[in-house]
Every structure is written in C-alpha cells, then in structure tokens.
$ cat model-v4.cif   # mmCIF, C-alpha atoms
data_work
#
loop_
_atom_site.group_PDB
_atom_site.id
_atom_site.type_symbol
_atom_site.label_atom_id
_atom_site.label_comp_id
_atom_site.auth_asym_id
_atom_site.auth_seq_id
_atom_site.Cartn_x
_atom_site.Cartn_y
_atom_site.Cartn_z
ATOM 1 C CA MET A 189 24.052 -10.503 -4.530
ATOM 2 C CA ALA A 190 27.474 -9.045 -5.175
ATOM 3 C CA GLY A 191 30.146 -10.240 -2.742
ATOM 4 C CA GLY A 192 27.517 -11.601 -0.354
ATOM 5 C CA GLU A 193 25.885 -8.192 0.136
ATOM 6 C CA PRO A 194 22.261 -7.546 -0.788
ATOM 7 C CA VAL A 195 21.746 -5.636 -4.003
ATOM 8 C CA VAL A 196 19.903 -2.344 -3.469
ATOM 9 C CA ARG A 197 17.469 -1.621 -6.273
ATOM 10 C CA TYR A 198 15.295 1.145 -4.815
ATOM 11 C CA ALA A 199 15.641 4.042 -2.375
ATOM 12 C CA ALA A 200 12.458 5.426 -0.795
ATOM 13 C CA ILE A 201 12.859 9.164 -0.196
ATOM 14 C CA ASP A 202 10.588 11.239 2.051
ATOM 15 C CA LEU A 203 9.903 14.828 1.031
ATOM 16 C CA ASP A 204 9.231 17.173 3.930
ATOM 17 C CA GLY A 205 12.319 17.662 6.059
ATOM 18 C CA THR A 206 14.315 15.092 4.093
ATOM 19 C CA MET A 207 14.394 16.071 0.428
ATOM 20 C CA VAL A 208 12.595 19.398 0.747
ATOM 21 C CA ASP A 209 13.765 21.894 3.357
ATOM 22 C CA ALA A 210 11.558 24.152 5.506
ATOM 23 C CA ALA A 211 11.526 26.782 2.738
ATOM 24 C CA GLY A 212 10.193 24.214 0.253
ATOM 25 C CA LEU A 213 13.475 23.961 -1.627
ATOM 26 C CA VAL A 214 15.597 21.025 -2.728
ATOM 27 C CA GLY A 215 19.308 21.593 -2.152
ATOM 28 C CA ASP A 216 21.999 21.005 -4.749
ATOM 29 C CA ARG A 217 23.540 18.223 -2.634
ATOM 30 C CA MET A 218 20.215 16.372 -2.505
ATOM 31 C CA GLU A 219 19.797 16.604 -6.255
ATOM 32 C CA ALA A 220 23.390 15.448 -6.769
ATOM 33 C CA GLY A 221 22.702 12.524 -4.424
ATOM 34 C CA LEU A 222 19.637 11.508 -6.449
ATOM 35 C CA ARG A 223 21.694 11.623 -9.645
ATOM 36 C CA SER A 224 24.382 9.525 -7.972
ATOM 37 C CA LEU A 225 21.799 6.911 -6.986
ATOM 38 C CA ARG A 226 20.591 6.744 -10.599
ATOM 39 C CA GLU A 227 24.156 6.387 -11.862
ATOM 40 C CA ARG A 228 24.587 3.388 -9.543
ATOM 41 C CA GLY A 229 21.401 1.797 -10.864
ATOM 42 C CA ILE A 230 19.393 2.562 -7.722
ATOM 43 C CA ARG A 231 15.896 3.814 -8.485
ATOM 44 C CA PRO A 232 14.623 6.558 -6.130
ATOM 45 C CA ILE A 233 10.942 6.474 -5.167
ATOM 46 C CA ILE A 234 8.997 9.309 -3.538
ATOM 47 C CA ALA A 235 7.415 8.088 -0.289
ATOM 48 C CA THR A 236 5.492 10.777 1.575
ATOM 49 C CA GLY A 237 2.482 11.590 3.677
ATOM 50 C CA ARG A 238 1.419 14.112 1.057
ATOM 51 C CA SER A 239 -1.410 13.549 -1.395
ATOM 52 C CA SER A 240 -0.913 13.936 -5.153
ATOM 53 C CA PHE A 241 -2.551 17.371 -4.855
ATOM 54 C CA ALA A 242 -0.237 18.449 -2.029
ATOM 55 C CA LEU A 243 2.748 17.073 -3.947
ATOM 56 C CA SER A 244 1.817 19.091 -7.036
ATOM 57 C CA ARG A 245 1.621 22.237 -4.881
ATOM 58 C CA LEU A 246 5.310 21.895 -4.018
ATOM 59 C CA GLY A 247 6.139 22.935 -7.565
ATOM 60 C CA LEU A 248 9.108 20.590 -7.925
ATOM 61 C CA ARG A 249 10.970 21.034 -11.201
ATOM 62 C CA ALA A 250 10.130 18.415 -13.835
ATOM 63 C CA GLU A 251 13.849 17.632 -14.207
ATOM 64 C CA LEU A 252 14.052 16.811 -10.503
ATOM 65 C CA VAL A 253 10.887 14.694 -10.506
ATOM 66 C CA SER A 254 12.218 12.777 -13.529
ATOM 67 C CA LEU A 255 15.026 11.409 -11.315
ATOM 68 C CA PHE A 256 12.380 9.397 -9.440
ATOM 69 C CA GLU A 257 10.425 6.371 -10.532
ATOM 70 C CA PRO A 258 6.987 7.363 -11.857
ATOM 71 C CA VAL A 259 5.191 5.236 -9.247
ATOM 72 C CA MET A 260 5.039 7.000 -5.867
ATOM 73 C CA VAL A 261 3.896 6.031 -2.377
ATOM 74 C CA LEU A 262 1.644 8.855 -1.164
ATOM 75 C CA ARG A 263 -0.666 9.572 1.792
ATOM 76 C CA ASP A 264 1.459 7.427 4.115
ATOM 77 C CA GLY A 265 0.956 4.375 1.917
ATOM 78 C CA ASP A 266 -2.787 4.792 1.354
ATOM 79 C CA LEU A 267 -2.191 5.827 -2.261
ATOM 80 C CA ILE A 268 0.123 4.284 -4.819
ATOM 81 C CA TYR A 269 0.192 6.845 -7.615
ATOM 82 C CA ASP A 270 1.562 6.635 -11.171
ATOM 83 C CA GLN A 271 2.869 10.075 -12.119
ATOM 84 C CA ASP A 272 3.187 9.189 -15.824
ATOM 85 C CA ARG A 273 -0.454 8.138 -16.067
ATOM 86 C CA GLN A 274 -1.680 10.725 -13.546
ATOM 87 C CA SER A 275 -3.753 8.017 -11.892
ATOM 88 C CA ALA A 276 -3.964 5.844 -8.813
ATOM 89 C CA VAL A 277 -2.650 2.301 -8.942
ATOM 90 C CA HIS A 278 -4.053 1.477 -5.494
ATOM 91 C CA MET A 279 -6.042 3.472 -2.908
ATOM 92 C CA ARG A 280 -7.347 2.881 0.599
ATOM 93 C CA PHE A 281 -10.143 5.039 1.966
ATOM 94 C CA LEU A 282 -11.864 5.475 5.285
ATOM 95 C CA PRO A 283 -15.246 3.754 5.274
ATOM 96 C CA ALA A 284 -18.125 6.173 4.591
ATOM 97 C CA VAL A 285 -19.570 5.539 8.056
ATOM 98 C CA THR A 286 -16.264 6.637 9.633
ATOM 99 C CA VAL A 287 -16.219 9.833 7.565
ATOM 100 C CA ALA A 288 -19.804 10.563 8.663
ATOM 101 C CA VAL A 289 -18.871 10.093 12.332
ATOM 102 C CA LEU A 290 -15.820 12.353 11.987
ATOM 103 C CA ALA A 291 -17.873 15.030 10.206
ATOM 104 C CA SER A 292 -20.493 14.924 12.963
ATOM 105 C CA ARG A 293 -17.908 15.300 15.742
ATOM 106 C CA PHE A 294 -15.516 17.815 14.210
ATOM 107 C CA PRO A 295 -16.489 21.088 12.538
ATOM 108 C CA ASP A 296 -13.630 21.104 10.024
ATOM 109 C CA VAL A 297 -13.111 17.966 7.967
ATOM 110 C CA VAL A 298 -11.342 17.566 4.620
ATOM 111 C CA CYS A 299 -11.699 14.423 2.499
ATOM 112 C CA GLU A 300 -9.587 13.629 -0.526
ATOM 113 C CA TYR A 301 -11.001 11.644 -3.402
ATOM 114 C CA PRO A 302 -9.192 10.599 -6.580
ATOM 115 C CA HIS A 303 -10.254 13.719 -8.496
ATOM 116 C CA ALA A 304 -11.631 16.046 -5.839
ATOM 117 C CA ILE A 305 -11.067 17.450 -2.385
ATOM 118 C CA VAL A 306 -14.158 18.142 -0.285
ATOM 119 C CA ALA A 307 -14.111 20.319 2.826
ATOM 120 C CA SER A 308 -16.884 20.651 5.392
ATOM 121 C CA SER A 309 -16.137 24.349 5.886
ATOM 122 C CA ARG A 310 -14.258 27.238 4.365
ATOM 123 C CA ARG A 311 -11.929 27.220 7.372
ATOM 124 C CA ALA A 312 -11.081 23.546 6.762
ATOM 125 C CA ALA A 313 -10.433 24.234 3.088
ATOM 126 C CA LEU A 314 -8.132 27.146 3.916
ATOM 127 C CA ARG A 315 -6.187 25.141 6.497
ATOM 128 C CA TYR A 316 -5.797 22.273 4.060
ATOM 129 C CA ALA A 317 -4.539 24.639 1.359
ATOM 130 C CA MET A 318 -1.695 25.890 3.565
#

$ encode --input "model-v4.cif" --output "structure tokens"
Amino acid sequence: MAGGEPVVRYAAIDLDGTMVDAAGLVGDRMEAGLRSLRERGIRPIIATGRSSFALSRLGLRAELVSLFEPVMVLRDGDLIYDQDRQSAVHMRFLPAVTVAVLASRFPDVVCEYPHAIVASSRRAALRYAM
C-alpha cells in the first residue's frame, strides 16, 4: 500500500454500454482512458456477459484489445478465456438434464460449447446471431 491506500492492480471493464456504445464503437476518450490505466500500471480486464464468439463479432481492433490482459471474464463469469491461447481456462455449464428440460419447454434454445454453438431452430440461430 502506498500512503495507506490500497494499490489497484486491475480494472474490470464491461463492454456493452460501458466501453462499447450503442453503435458498437469505442470512443477516443475510452481508448485514452485504457492507455492511461496501463501507464499507471493498472491492468484492464474485459468482463462481459458476451461469449468469446459474441466478443469476436464486435470486431474490436487488435490494437485496442492489446490494451487488455489476455485473460478475460466472459459469459457473466461462466467462462474464463485466454485470448492469447484462444482457449478456455475455466468453464461452467448447465447440466445436460437442465438443457434437455429447457429444450423441451421452449422452442428456441441456443447452447454454446467450447468450439461450437448449437441451436434448436433456425429462428433461435438467427436471434442469437443478432
């Protein structure tokens, strides 16, 4: 601790509505803020409800993504993902029995797996892709 204050080492940054605006863009001030954090030795981490697939669809510039730590908290904490290795560090899934119950009760279900996305209908797939 410096001067009795806690030392901040990381900053968790949400994407939608925080870093990325409604048009899917990252403003210059946000990018400058991320650079400022790095200059102060604070390591930004992406923390989002998005999956790795949904994150990739944002099309964030590589230069911008490089300002963040490679390990990201995705799917509301259900997936810890290493961007450098393009692989999961930790994952939590719904039990298969729960997925079966959901699929039997709802016509449109989408399930994400480490290397695939499975939809129960074309409509579900299209909604997920939006």

$ atom_distance --input "model-v4.cif" --atom1 "atom CA of A:Phe256" --atom2 "atom CA of A:Val195"
18.5 Å

$ residues_around --input "model-v4.cif" --residues "stretch 206-222 of chain A" --least-positions-apart "6" --cutoff "9 Å" --atoms "only C-alpha atoms" --output "count of residues only"
8

$ atom_distance --input "model-v4.cif" --atom1 "atom CA of A:Ile201" --atom2 "atom CA of A:Ile233"
6.0 Å

$ closest_residue --input "model-v4.cif" --among "A:Arg293, A:Arg197, A:Arg223, A:Arg310" --to "A:Ser254" --atoms "all atoms listed in the file"
A:Arg223

$ atom_distance --input "model-v4.cif" --atom1 "atom CA of A:Pro283" --atom2 "atom CA of A:Ala200"
28.4 Å

$ residues_around --input "model-v4.cif" --residues "A:Asp270" --least-positions-apart "6" --cutoff "7 Å" --atoms "all atoms listed in the file" --output "NGL selection string"
:A and (258-260 or 276-277)

$ resolve_selection --input "model-v4.cif" --expression "the PyMOL selection byres ((chain A and resi 300) around 12)" --output "list of chain:residue names"
A:Arg238, A:Ser239, A:Ser240, A:Phe241, A:Ala242, A:Arg263, A:Asp266, A:Leu267, A:Met279, A:Arg280, A:Phe281, A:Leu282, A:Val287, A:Val297, A:Val298, A:Cys299, A:Tyr301, A:Pro302, A:His303, A:Ala304, A:Ile305, A:Val306, A:Ala307, A:Ser308, A:Ala313, A:Tyr316

$ build_atoms --input "model-v4.cif" --residues "stretch 291-315 of chain A" --atoms "N, CA, C and O atoms" --output "short mmCIF file (atom, residue, chain, number, x, y, z; two decimals), in the coordinates of the input"
data_model
loop_
_atom_site.label_atom_id
_atom_site.label_comp_id
_atom_site.auth_asym_id
_atom_site.auth_seq_id
_atom_site.Cartn_x
_atom_site.Cartn_y
_atom_site.Cartn_z
N ALA A 291 -17.23 13.77 10.59
CA ALA A 291 -17.87 15.03 10.21
C ALA A 291 -18.89 15.49 11.25
O ALA A 291 -19.07 16.69 11.45
N SER A 292 -19.51 14.55 11.94
CA SER A 292 -20.49 14.92 12.96
C SER A 292 -19.83 15.39 14.25
O SER A 292 -20.42 16.14 15.02
N ARG A 293 -18.60 14.97 14.49
CA ARG A 293 -17.91 15.30 15.74
C ARG A 293 -16.94 16.48 15.62
O ARG A 293 -16.57 17.07 16.62
N PHE A 294 -16.49 16.75 14.42
CA PHE A 294 -15.52 17.82 14.21
C PHE A 294 -16.05 18.80 13.18
O PHE A 294 -16.56 18.39 12.13
N PRO A 295 -15.92 20.10 13.45
CA PRO A 295 -16.49 21.09 12.54
C PRO A 295 -15.72 21.23 11.22
O PRO A 295 -16.29 21.64 10.22
N ASP A 296 -14.45 20.89 11.22
CA ASP A 296 -13.63 21.10 10.02
C ASP A 296 -13.02 19.79 9.56
O ASP A 296 -12.06 19.29 10.16
N VAL A 297 -13.58 19.24 8.51
CA VAL A 297 -13.11 17.97 7.97
C VAL A 297 -12.80 18.15 6.48
O VAL A 297 -13.55 18.82 5.77
N VAL A 298 -11.71 17.56 6.04
CA VAL A 298 -11.34 17.57 4.62
C VAL A 298 -11.19 16.12 4.18
O VAL A 298 -10.51 15.34 4.84
N CYS A 299 -11.82 15.77 3.07
CA CYS A 299 -11.70 14.42 2.50
C CYS A 299 -11.14 14.53 1.09
O CYS A 299 -11.58 15.35 0.29
N GLU A 300 -10.17 13.68 0.81
CA GLU A 300 -9.59 13.63 -0.53
C GLU A 300 -10.16 12.44 -1.27
O GLU A 300 -10.23 11.33 -0.73
N TYR A 301 -10.53 12.68 -2.50
CA TYR A 301 -11.00 11.64 -3.40
C TYR A 301 -10.08 11.65 -4.61
O TYR A 301 -9.28 12.58 -4.77
N PRO A 302 -10.14 10.65 -5.47
CA PRO A 302 -9.19 10.60 -6.58
C PRO A 302 -9.13 11.88 -7.42
O PRO A 302 -8.07 12.28 -7.86
N HIS A 303 -10.26 12.53 -7.64
CA HIS A 303 -10.25 13.72 -8.50
C HIS A 303 -10.90 14.92 -7.84
O HIS A 303 -11.33 15.85 -8.52
N ALA A 304 -11.01 14.92 -6.53
CA ALA A 304 -11.63 16.05 -5.84
C ALA A 304 -11.21 16.07 -4.37
O ALA A 304 -10.84 15.05 -3.81
N ILE A 305 -11.29 17.25 -3.81
CA ILE A 305 -11.07 17.45 -2.38
C ILE A 305 -12.31 18.16 -1.86
O ILE A 305 -12.72 19.17 -2.41
N VAL A 306 -12.92 17.60 -0.83
CA VAL A 306 -14.16 18.14 -0.28
C VAL A 306 -13.90 18.56 1.15
O VAL A 306 -13.38 17.79 1.95
N ALA A 307 -14.28 19.80 1.47
CA ALA A 307 -14.11 20.32 2.83
C ALA A 307 -15.48 20.63 3.42
O ALA A 307 -16.38 21.08 2.71
N SER A 308 -15.61 20.41 4.72
CA SER A 308 -16.88 20.65 5.39
C SER A 308 -17.09 22.13 5.71
O SER A 308 -18.20 22.54 6.04
N SER A 309 -16.02 22.92 5.60
CA SER A 309 -16.14 24.35 5.89
C SER A 309 -15.05 25.10 5.13
O SER A 309 -14.05 24.52 4.69
N ARG A 310 -15.27 26.39 5.01
CA ARG A 310 -14.26 27.24 4.36
C ARG A 310 -12.96 27.21 5.18
O ARG A 310 -11.87 27.15 4.63
N ARG A 311 -13.11 27.25 6.50
CA ARG A 311 -11.93 27.22 7.37
C ARG A 311 -11.11 25.94 7.14
O ARG A 311 -9.89 25.97 7.05
N ALA A 312 -11.79 24.80 7.02
CA ALA A 312 -11.08 23.55 6.76
C ALA A 312 -10.37 23.59 5.42
O ALA A 312 -9.22 23.16 5.30
N ALA A 313 -11.04 24.13 4.42
CA ALA A 313 -10.43 24.23 3.09
C ALA A 313 -9.19 25.12 3.12
O ALA A 313 -8.17 24.79 2.53
N LEU A 314 -9.27 26.23 3.82
CA LEU A 314 -8.13 27.15 3.92
C LEU A 314 -6.97 26.52 4.67
O LEU A 314 -5.82 26.64 4.27
N ARG A 315 -7.26 25.82 5.74
CA ARG A 315 -6.19 25.14 6.50
C ARG A 315 -5.53 24.06 5.65
O ARG A 315 -4.32 23.88 5.69
#
